[in-house]
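Everything below belongs to protein_30.csv, which stores CSV, C-alpha atoms.
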```csv
chain,number,residue,atom,x,y,z
A,4,MET,CA,0.0,0.0,0.0
A,5,SER,CA,1.4,3.4,-1.0
A,6,VAL,CA,2.0,6.0,1.7
A,7,PRO,CA,-0.8,8.7,2.1
A,8,LEU,CA,-0.5,11.5,-0.4
A,9,LEU,CA,-1.3,14.0,2.3
A,10,ARG,CA,-1.0,13.3,6.0
A,11,SER,CA,-1.6,15.7,8.9
A,12,ALA,CA,-1.0,15.1,12.6
A,13,ALA,CA,-2.6,18.1,14.2
A,14,ALA,CA,-0.9,20.3,11.7
A,15,ARG,CA,-1.4,24.1,12.0
A,16,VAL,CA,0.1,26.6,9.7
A,17,ALA,CA,1.8,29.6,11.4
A,18,GLY,CA,-0.4,32.6,12.0
A,19,ASP,CA,-3.5,30.3,12.3
A,20,ALA,CA,-3.7,30.4,8.5
A,21,LEU,CA,-4.9,26.8,8.2
A,22,SER,CA,-5.6,23.9,10.6
A,23,LEU,CA,-5.9,20.4,9.2
A,24,GLY,CA,-6.2,18.4,12.4
A,25,ASP,CA,-5.6,14.6,12.0
A,26,LEU,CA,-5.9,13.5,8.4
A,27,GLU,CA,-4.7,10.7,6.1
A,28,ALA,CA,-5.7,11.0,2.5
A,29,SER,CA,-4.4,8.5,-0.1
A,30,GLY,CA,-4.7,8.0,-3.8
A,31,SER,CA,-3.2,9.6,-6.9
A,32,LEU,CA,-5.4,12.7,-7.1
A,33,LEU,CA,-6.8,14.8,-4.3
A,34,ILE,CA,-9.0,17.8,-5.0
A,35,LEU,CA,-8.7,20.6,-2.4
A,36,VAL,CA,-11.9,22.7,-2.2
A,37,GLY,CA,-11.8,26.2,-0.7
A,38,GLU,CA,-8.9,28.5,0.2
A,39,TRP,CA,-5.9,26.2,0.4
A,40,GLY,CA,-3.3,29.0,-0.4
A,41,PRO,CA,-1.5,28.5,3.0
A,42,LEU,CA,-0.7,24.8,2.1
A,43,PHE,CA,0.9,25.9,-1.2
A,44,ASP,CA,2.9,28.5,0.9
A,45,VAL,CA,4.1,25.6,3.1
A,46,LEU,CA,5.2,23.6,0.1
A,47,LEU,CA,7.1,26.5,-1.3
A,48,GLY,CA,8.8,27.2,2.1
A,49,ARG,CA,7.1,30.6,2.4
A,50,ARG,CA,5.2,29.6,5.6
A,51,ALA,CA,6.1,27.2,8.4
A,52,LEU,CA,4.0,25.0,10.7
A,53,ALA,CA,3.2,26.3,14.1
A,54,ASP,CA,2.2,22.9,15.4
A,55,GLY,CA,2.0,19.3,14.4
A,56,GLU,CA,3.3,17.5,11.4
A,57,LEU,CA,2.4,17.7,7.7
A,58,GLN,CA,3.6,15.1,5.2
A,59,LEU,CA,3.4,14.9,1.4
A,60,ALA,CA,3.9,11.4,0.0
A,61,GLY,CA,5.6,10.3,3.2
A,62,ALA,CA,8.1,13.2,3.5
A,63,SER,CA,7.9,16.6,5.2
A,64,ALA,CA,5.7,19.0,3.3
A,65,GLU,CA,7.6,22.1,4.5
A,66,GLY,CA,9.7,23.3,1.6
A,67,ALA,CA,8.9,20.3,-0.5
A,68,ALA,CA,9.3,22.2,-3.7
A,69,ALA,CA,12.9,23.2,-3.0
A,70,ARG,CA,13.7,19.6,-2.3
A,71,GLY,CA,12.3,18.4,-5.6
A,72,LEU,CA,9.4,16.5,-3.9
A,73,ALA,CA,6.7,18.7,-5.4
A,74,GLY,CA,6.2,20.8,-8.5
A,75,VAL,CA,4.0,23.7,-7.5
A,76,LEU,CA,1.9,26.1,-9.6
A,77,ARG,CA,0.4,29.1,-7.8
A,78,ARG,CA,-2.8,30.6,-8.9
A,79,GLU,CA,-1.2,33.8,-10.3
A,80,PRO,CA,2.6,33.1,-10.5
A,81,PRO,CA,4.8,36.1,-11.4
A,82,LEU,CA,6.3,35.6,-14.8
A,83,PRO,CA,9.0,37.8,-16.3
A,84,GLY,CA,7.3,39.2,-19.3
A,85,GLY,CA,10.5,39.9,-21.3
A,86,TRP,CA,11.5,36.2,-21.3
A,87,THR,CA,10.5,33.6,-23.8
A,88,LEU,CA,8.8,30.4,-22.6
A,89,ARG,CA,12.0,28.5,-23.4
A,90,GLU,CA,14.1,30.9,-21.4
A,91,LEU,CA,11.7,30.6,-18.4
A,92,LEU,CA,12.0,26.8,-18.4
A,93,ILE,CA,15.7,26.8,-18.8
A,94,GLU,CA,16.2,29.2,-16.0
A,95,SER,CA,13.8,27.3,-13.8
A,96,ALA,CA,15.7,24.1,-14.5
A,97,ALA,CA,18.9,25.8,-13.6
A,98,LEU,CA,17.4,26.7,-10.2
A,99,LEU,CA,16.9,23.0,-9.7
A,100,GLY,CA,20.6,22.5,-10.1
A,101,ASP,CA,20.8,21.6,-13.8
A,102,GLY,CA,23.8,22.8,-15.9
A,103,PRO,CA,23.2,24.6,-19.2
A,104,LEU,CA,23.0,21.6,-21.4
A,105,ARG,CA,20.8,19.5,-19.1
A,106,ALA,CA,18.5,22.5,-18.4
A,107,SER,CA,18.0,23.0,-22.2
A,108,ARG,CA,17.3,19.3,-22.7
A,109,ARG,CA,14.9,19.2,-19.8
A,110,ALA,CA,13.0,22.3,-21.1
A,111,ARG,CA,12.7,20.8,-24.5
A,112,ARG,CA,11.3,17.5,-23.1
A,113,VAL,CA,8.6,19.3,-21.1
A,114,LEU,CA,7.7,21.5,-24.1
A,115,ASP,CA,7.3,18.3,-26.2
A,116,ASP,CA,5.4,16.4,-23.5
A,117,LEU,CA,2.8,19.2,-23.2
A,118,ALA,CA,2.7,20.0,-26.9
A,119,LEU,CA,3.9,23.5,-26.2
A,120,ALA,CA,6.9,23.6,-28.6
A,121,GLN,CA,5.2,26.1,-30.9
A,122,HIS,CA,5.1,28.6,-28.1
A,123,ALA,CA,8.7,28.2,-27.0
A,124,GLY,CA,10.0,31.3,-28.6
A,125,LYS,CA,7.1,33.6,-27.5
A,126,ARG,CA,7.7,36.2,-24.9
A,127,LEU,CA,5.7,35.6,-21.8
A,128,SER,CA,4.1,39.0,-22.0
A,129,ARG,CA,2.6,38.0,-25.4
A,130,LEU,CA,1.1,34.7,-24.3
A,131,ALA,CA,-2.6,34.3,-24.0
A,132,PRO,CA,-4.1,33.5,-20.5
A,133,LEU,CA,-4.3,29.8,-21.3
A,134,GLU,CA,-0.7,29.8,-22.6
A,135,ARG,CA,0.5,31.5,-19.5
A,136,ARG,CA,-1.2,28.9,-17.3
A,137,ALA,CA,0.3,26.2,-19.4
A,138,ALA,CA,3.7,27.8,-18.9
A,139,GLY,CA,3.2,27.5,-15.2
A,140,VAL,CA,2.2,23.9,-15.4
A,141,ALA,CA,5.3,23.2,-17.5
A,142,CYS,CA,7.5,24.8,-14.8
A,143,ALA,CA,5.8,22.6,-12.2
A,144,LEU,CA,6.8,19.5,-14.1
A,145,LEU,CA,10.5,20.3,-14.4
A,146,GLY,CA,12.6,17.9,-12.4
A,147,ASP,CA,10.0,15.2,-12.8
A,148,PRO,CA,8.7,15.7,-9.3
A,149,PRO,CA,6.7,12.7,-7.8
A,150,VAL,CA,3.9,15.1,-6.7
A,151,VAL,CA,2.4,18.0,-8.6
A,152,ALA,CA,0.4,20.7,-6.6
A,153,LEU,CA,-1.7,23.1,-8.7
A,154,GLU,CA,-3.5,26.0,-7.1
A,155,GLU,CA,-6.8,26.7,-8.9
A,156,PRO,CA,-5.4,26.1,-12.4
A,157,PHE,CA,-8.8,26.8,-14.1
A,158,SER,CA,-9.5,30.1,-12.5
A,159,GLY,CA,-9.8,33.1,-14.8
A,160,LEU,CA,-10.0,31.0,-18.0
A,161,GLU,CA,-12.9,31.0,-20.4
A,162,PRO,CA,-14.8,27.6,-20.8
A,163,SER,CA,-13.1,26.8,-24.1
A,164,GLU,CA,-9.7,27.6,-22.5
A,165,GLN,CA,-10.5,25.4,-19.5
A,166,ALA,CA,-11.4,22.5,-21.8
A,167,ARG,CA,-8.0,22.8,-23.6
A,168,LEU,CA,-6.3,23.0,-20.2
A,169,SER,CA,-8.0,19.8,-19.1
A,170,ARG,CA,-6.4,18.0,-22.0
A,171,LEU,CA,-3.0,19.4,-21.1
A,172,LEU,CA,-3.5,18.4,-17.5
A,173,GLU,CA,-4.3,14.8,-18.6
A,174,ARG,CA,-0.8,14.6,-20.1
A,175,ALA,CA,0.8,16.5,-17.3
A,176,LEU,CA,-0.6,14.4,-14.4
A,177,ALA,CA,-0.3,11.0,-16.1
A,178,GLY,CA,1.8,8.7,-13.8
A,179,ARG,CA,2.1,11.4,-11.1
A,180,ARG,CA,0.3,12.0,-7.8
A,181,ALA,CA,-1.3,15.4,-7.6
A,182,LEU,CA,-3.0,17.9,-5.4
A,183,VAL,CA,-5.3,20.3,-7.3
A,184,SER,CA,-7.3,23.0,-5.7
A,185,VAL,CA,-10.6,24.5,-6.8
A,186,PRO,CA,-12.5,27.4,-5.2
A,187,THR,CA,-15.9,25.6,-5.1
A,188,LEU,CA,-17.8,22.5,-6.1
A,189,PRO,CA,-19.8,22.1,-8.2
A,190,GLY,CA,-17.7,24.4,-10.3
A,191,SER,CA,-17.1,24.8,-14.0
A,192,PRO,CA,-17.6,21.7,-16.2
A,193,SER,CA,-13.8,21.2,-16.4
A,194,GLU,CA,-13.4,21.5,-12.6
A,195,ASP,CA,-16.2,19.0,-12.1
A,196,ARG,CA,-14.8,16.5,-14.5
A,197,LEU,CA,-11.4,16.6,-12.8
A,198,ALA,CA,-13.0,16.3,-9.4
A,199,ALA,CA,-15.0,13.3,-10.6
A,200,SER,CA,-11.8,11.5,-11.5
A,201,SER,CA,-10.2,12.2,-8.0
A,202,ASP,CA,-9.8,9.8,-5.2
A,203,GLU,CA,-11.1,12.2,-2.6
A,204,LEU,CA,-12.3,15.8,-2.0
A,205,LEU,CA,-11.0,17.8,1.0
A,206,PHE,CA,-12.9,20.9,2.1
A,207,VAL,CA,-11.7,23.8,4.1
A,208,SER,CA,-13.7,26.7,5.4
A,209,GLU,CA,-12.7,29.5,7.9
A,210,ARG,CA,-9.1,28.3,7.8
A,211,ARG,CA,-9.8,24.7,8.9
A,212,LEU,CA,-10.6,21.3,7.4
A,213,VAL,CA,-14.4,20.9,7.7
A,214,GLY,CA,-15.1,17.8,5.5
A,215,ARG,CA,-14.0,15.2,3.1
A,216,ALA,CA,-16.0,13.2,0.5
A,217,GLN,CA,-15.9,11.4,-2.8
A,218,PHE,CA,-17.3,13.3,-5.7
A,219,ARG,CA,-20.3,10.9,-6.2
A,220,GLU,CA,-21.4,11.7,-2.6
A,221,LEU,CA,-22.1,15.3,-3.5
A,222,GLY,CA,-25.4,14.2,-5.0
A,223,ALA,CA,-26.7,12.6,-1.8
A,224,ARG,CA,-30.1,14.0,-0.8
A,225,ALA,CA,-29.8,14.2,3.0
A,226,ARG,CA,-29.6,17.8,4.3
A,227,SER,CA,-27.0,18.5,6.9
A,228,TYR,CA,-25.9,21.3,9.1
A,229,ARG,CA,-22.6,22.2,10.8
A,230,VAL,CA,-23.5,23.2,14.4
A,231,SER,CA,-21.3,24.8,17.0
A,232,VAL,CA,-22.3,25.1,20.6
A,233,VAL,CA,-20.6,26.4,23.7
A,234,ARG,CA,-21.8,23.9,26.4
A,235,SER,CA,-24.0,20.9,27.2
A,236,VAL,CA,-22.8,19.0,24.2
A,237,GLU,CA,-23.7,15.5,25.5
A,238,GLY,CA,-27.2,16.6,26.4
A,239,LEU,CA,-27.7,18.1,23.0
A,240,LEU,CA,-26.4,14.9,21.3
A,241,SER,CA,-28.9,12.8,23.1
A,242,ARG,CA,-31.9,15.0,22.3
A,243,LEU,CA,-30.9,15.3,18.7
A,244,HIS,CA,-30.7,11.5,18.4
A,245,ASP,CA,-34.1,11.2,20.0
A,246,ALA,CA,-35.6,13.7,17.6
A,247,GLY,CA,-34.5,11.7,14.6
A,248,TYR,CA,-31.3,13.5,13.5
A,249,GLU,CA,-28.0,11.7,12.8
A,250,VAL,CA,-25.1,13.4,14.6
A,251,ARG,CA,-21.3,13.0,14.7
A,252,ARG,CA,-18.5,15.2,15.8
A,253,MET,CA,-16.6,16.9,13.0
A,254,LEU,CA,-13.2,17.6,14.5
A,255,THR,CA,-11.4,16.0,17.4
A,256,ALA,CA,-9.7,19.3,18.2
A,257,ASP,CA,-13.1,21.1,18.6
A,258,VAL,CA,-15.7,18.8,20.3
A,259,THR,CA,-18.3,21.6,20.1
A,260,THR,CA,-18.5,21.3,16.3
A,261,LEU,CA,-21.1,18.7,15.2
A,262,LEU,CA,-22.4,17.5,11.8
A,263,VAL,CA,-26.1,17.1,12.1
A,264,THR,CA,-27.8,15.2,9.2
A,265,ASP,CA,-31.6,15.5,8.7
A,266,PRO,CA,-32.6,12.3,6.8
A,267,ARG,CA,-36.3,12.7,7.7
A,268,GLY,CA,-36.6,16.3,6.5
A,269,LEU,CA,-37.4,17.7,10.0
A,270,GLY,CA,-35.9,21.1,9.3
A,271,THR,CA,-34.1,23.2,11.9
A,272,LEU,CA,-37.0,24.0,14.3
A,273,PRO,CA,-36.7,20.7,16.2
A,274,LEU,CA,-32.9,21.2,16.2
A,275,PHE,CA,-33.2,24.6,17.9
A,276,GLY,CA,-35.8,23.1,20.3
A,277,ALA,CA,-33.3,20.4,21.3
A,278,ALA,CA,-30.6,23.0,21.9
A,279,LEU,CA,-33.0,25.1,24.1
A,280,ALA,CA,-34.1,22.1,26.1
A,281,ALA,CA,-30.5,21.0,26.6
A,282,ASP,CA,-29.3,24.5,27.5
A,283,ALA,CA,-26.8,24.3,24.7
A,284,PRO,CA,-26.7,27.7,23.0
A,285,ILE,CA,-25.9,27.5,19.3
A,286,ILE,CA,-23.3,29.9,18.2
A,287,GLU,CA,-23.1,28.8,14.6
A,288,LEU,CA,-25.5,26.8,12.3
A,289,VAL,CA,-24.3,26.5,8.7
A,290,PRO,CA,-26.1,24.4,6.0
A,291,ALA,CA,-23.7,21.7,4.8
A,292,GLY,CA,-23.6,18.9,2.2
A,293,PRO,CA,-24.0,15.3,3.0
A,294,VAL,CA,-20.5,14.8,4.4
A,295,GLY,CA,-19.7,18.1,6.0
A,296,VAL,CA,-19.3,20.0,2.8
A,297,PRO,CA,-20.1,23.7,3.5
A,298,ALA,CA,-23.1,25.0,1.5
A,299,ALA,CA,-20.9,28.0,0.5
A,300,PHE,CA,-19.1,25.5,-1.8
A,301,GLY,CA,-22.3,24.7,-3.6
A,302,ALA,CA,-22.6,21.0,-2.6
A,303,ALA,CA,-25.7,19.4,-4.1
A,304,GLY,CA,-28.3,18.6,-1.5
A,305,ALA,CA,-27.3,21.5,0.7
```

Would you put the structure from the file into structure tokens?
Amino acid sequence: MSVPLLRSAAARVAGDALSLGDLEASGSLLILVGEWGPLFDVLLGRRALADGELQLAGASAEGAAARGLAGVLRREPPLPGGWTLRELLIESAALLGDGPLRASRRARRVLDDLALAQHAGKRLSRLAPLERRAAGVACALLGDPPVVALEEPFSGLEPSEQARLSRLLERALAGRRALVSVPTLPGSPSEDRLAASSDELLFVSERRLVGRAQFRELGARARSYRVSVVRSVEGLLSRLHDAGYEVRRMLTADVTTLLVTDPRGLGTLPLFGAALAADAPIIELVPAGPVGVPAAFGAAGA
């Protein structure tokens, strides 16, 4: 069995930018839904962990890009407009430690693999949005990293451009393990197709992991709520079960956060009644998808 692609042991990014709790997610493709920018900062060595441990494919995730473990594409990477695409790739390969000849060969191979050779001589300032995004993907593949991490690769592109990028990503991700983030699900058709091919979806909201699911589960019908209370949790749990709700704790680090599923369509009135009877004031009630997916991400059934 392969090591988990992403493993967290109470990991918390410095500055409370992101908390992942205890997590093991395996497979070849994980889709990260929501604002996962701090994770990409960790991979690039721009942020450190304040607590816990975070691993990518069995190795420390901190600074993984500099060690050649991960090829990373940020959402809007700065590209030197005066350089050609070929020059960008050669200079990027040099930063990985390649000499001039090897860097040139590596750049040529990536251009060929992604069918970008026709754009090699273009200055980056003259590339179309899709071509600039493709240039970023090409840089992420230099060095043949075992893991590729792409931050919202489809954002800002027209539907036709997204479809073309999908075909490029099929080539880019073949035989590699990958993390790809999207801002929301359901999203664009291209984002949904990629998510449908993933092993698992991981959702963050308010700088913490709030749910995980497989894509097919987004269509489940049961309505759910994420509920936070300040006291009397056990009494509330008992009353909610008696009323016909299904309840489980969402996070081991925060026992007042519950996922309440409403399979009988009771609505929220009995839920509030149970909280009142148990003397358990609700400080947050957020509609969620069937597996803890925040409604803000557009989960079906929310």

Non-local contacts of segment 266-276 of chain A (7 Å; all atoms listed in the file; under 2 positions in same chain excluded) as a ChimeraX atom specification: /A:225-226,243,248,264,278-280

Polymer residues at most 12 Å from Leu114 of chain A, all atoms listed in the file, same-chain spacing of 2 or more positions, as a ChimeraX atom specification: /A:88-93,107-112,116-124,134,137-142,144-145,171,174-175

Within 10 Å of Glu209 of chain A using all atoms listed in the file, minus same-chain residues under 5 positions, as a PyMOL selection string: chain A and resi 20-22+37-38

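Closest approach to Asp54 of chain A among A:Arg167, A:Arg77, A:Arg242, A:Arg15: A:Arg15, based on all atoms listed in the file.
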
Distance criterion (all atoms listed in the file): nearest to Ser201 of chain A out of A:Leu160, A:Leu33, A:Ala60, A:Leu130: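 Smallest distance to Ser201 of chain A is found for A:Leu33.
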
Residue among A:Gly214, A:Pro149, A:Gly159, A:Pro103 lying closest to Ala131 of chain A, counting all atoms listed in the file: A:Gly159

Interatomic distance, atom CA of Val183 of chain A to atom CA of Glu56 of chain A (Å, one decimal):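 Separating atom CA of Val183 of chain A from atom CA of Glu56 of chain A is a distance of 20.8 Å.
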
Filled-in N, CA, C and O atoms of segment 73-85 of chain A, supplied as a PDB file, in the coordinates of the input:
```pdb
ATOM      1  N   ALA A  73       7.954  18.203  -4.785  1.00  0.00           N
ATOM      2  CA  ALA A  73       6.700  18.700  -5.400  1.00  0.00           C
ATOM      3  C   ALA A  73       6.984  19.781  -6.390  1.00  0.00           C
ATOM      4  O   ALA A  73       7.826  20.655  -6.182  1.00  0.00           O
ATOM      5  N   GLY A  74       6.254  19.696  -7.497  1.00  0.00           N
ATOM      6  CA  GLY A  74       6.200  20.800  -8.500  1.00  0.00           C
ATOM      7  C   GLY A  74       4.976  21.598  -8.198  1.00  0.00           C
ATOM      8  O   GLY A  74       3.877  21.049  -8.173  1.00  0.00           O
ATOM      9  N   VAL A  75       5.121  22.902  -7.999  1.00  0.00           N
ATOM     10  CA  VAL A  75       4.000  23.700  -7.500  1.00  0.00           C
ATOM     11  C   VAL A  75       3.672  24.815  -8.540  1.00  0.00           C
ATOM     12  O   VAL A  75       4.560  25.490  -9.083  1.00  0.00           O
ATOM     13  N   LEU A  76       2.377  24.973  -8.785  1.00  0.00           N
ATOM     14  CA  LEU A  76       1.900  26.100  -9.600  1.00  0.00           C
ATOM     15  C   LEU A  76       0.952  26.913  -8.706  1.00  0.00           C
ATOM     16  O   LEU A  76      -0.056  26.413  -8.205  1.00  0.00           O
ATOM     17  N   ARG A  77       1.306  28.189  -8.479  1.00  0.00           N
ATOM     18  CA  ARG A  77       0.400  29.100  -7.800  1.00  0.00           C
ATOM     19  C   ARG A  77      -0.663  29.613  -8.684  1.00  0.00           C
ATOM     20  O   ARG A  77      -0.559  29.555  -9.908  1.00  0.00           O
ATOM     21  N   ARG A  78      -1.687  30.163  -8.090  1.00  0.00           N
ATOM     22  CA  ARG A  78      -2.800  30.600  -8.900  1.00  0.00           C
ATOM     23  C   ARG A  78      -2.443  31.728  -9.851  1.00  0.00           C
ATOM     24  O   ARG A  78      -2.867  31.728 -11.000  1.00  0.00           O
ATOM     25  N   GLU A  79      -1.641  32.679  -9.422  1.00  0.00           N
ATOM     26  CA  GLU A  79      -1.200  33.800 -10.300  1.00  0.00           C
ATOM     27  C   GLU A  79       0.334  33.906 -10.131  1.00  0.00           C
ATOM     28  O   GLU A  79       0.809  34.831  -9.475  1.00  0.00           O
ATOM     29  N   PRO A  80       1.112  33.021 -10.704  1.00  0.00           N
ATOM     30  CA  PRO A  80       2.600  33.100 -10.500  1.00  0.00           C
ATOM     31  C   PRO A  80       3.153  34.300 -11.264  1.00  0.00           C
ATOM     32  O   PRO A  80       2.720  34.621 -12.382  1.00  0.00           O
ATOM     33  N   PRO A  81       4.114  34.975 -10.677  1.00  0.00           N
ATOM     34  CA  PRO A  81       4.800  36.100 -11.400  1.00  0.00           C
ATOM     35  C   PRO A  81       5.663  35.537 -12.489  1.00  0.00           C
ATOM     36  O   PRO A  81       6.513  34.681 -12.247  1.00  0.00           O
ATOM     37  N   LEU A  82       5.460  36.022 -13.703  1.00  0.00           N
ATOM     38  CA  LEU A  82       6.300  35.600 -14.800  1.00  0.00           C
ATOM     39  C   LEU A  82       6.974  36.767 -15.452  1.00  0.00           C
ATOM     40  O   LEU A  82       6.340  37.801 -15.706  1.00  0.00           O
ATOM     41  N   PRO A  83       8.259  36.671 -15.693  1.00  0.00           N
ATOM     42  CA  PRO A  83       9.000  37.800 -16.300  1.00  0.00           C
ATOM     43  C   PRO A  83       8.608  37.975 -17.760  1.00  0.00           C
ATOM     44  O   PRO A  83       8.962  37.168 -18.625  1.00  0.00           O
ATOM     45  N   GLY A  84       7.865  39.037 -18.022  1.00  0.00           N
ATOM     46  CA  GLY A  84       7.300  39.200 -19.300  1.00  0.00           C
ATOM     47  C   GLY A  84       8.278  39.301 -20.481  1.00  0.00           C
ATOM     48  O   GLY A  84       7.952  38.970 -21.623  1.00  0.00           O
ATOM     49  N   GLY A  85       9.516  39.726 -20.203  1.00  0.00           N
ATOM     50  CA  GLY A  85      10.500  39.900 -21.300  1.00  0.00           C
ATOM     51  C   GLY A  85      11.148  38.558 -21.691  1.00  0.00           C
ATOM     52  O   GLY A  85      11.851  38.514 -22.710  1.00  0.00           O
TER      53      GLY A  85
END
```
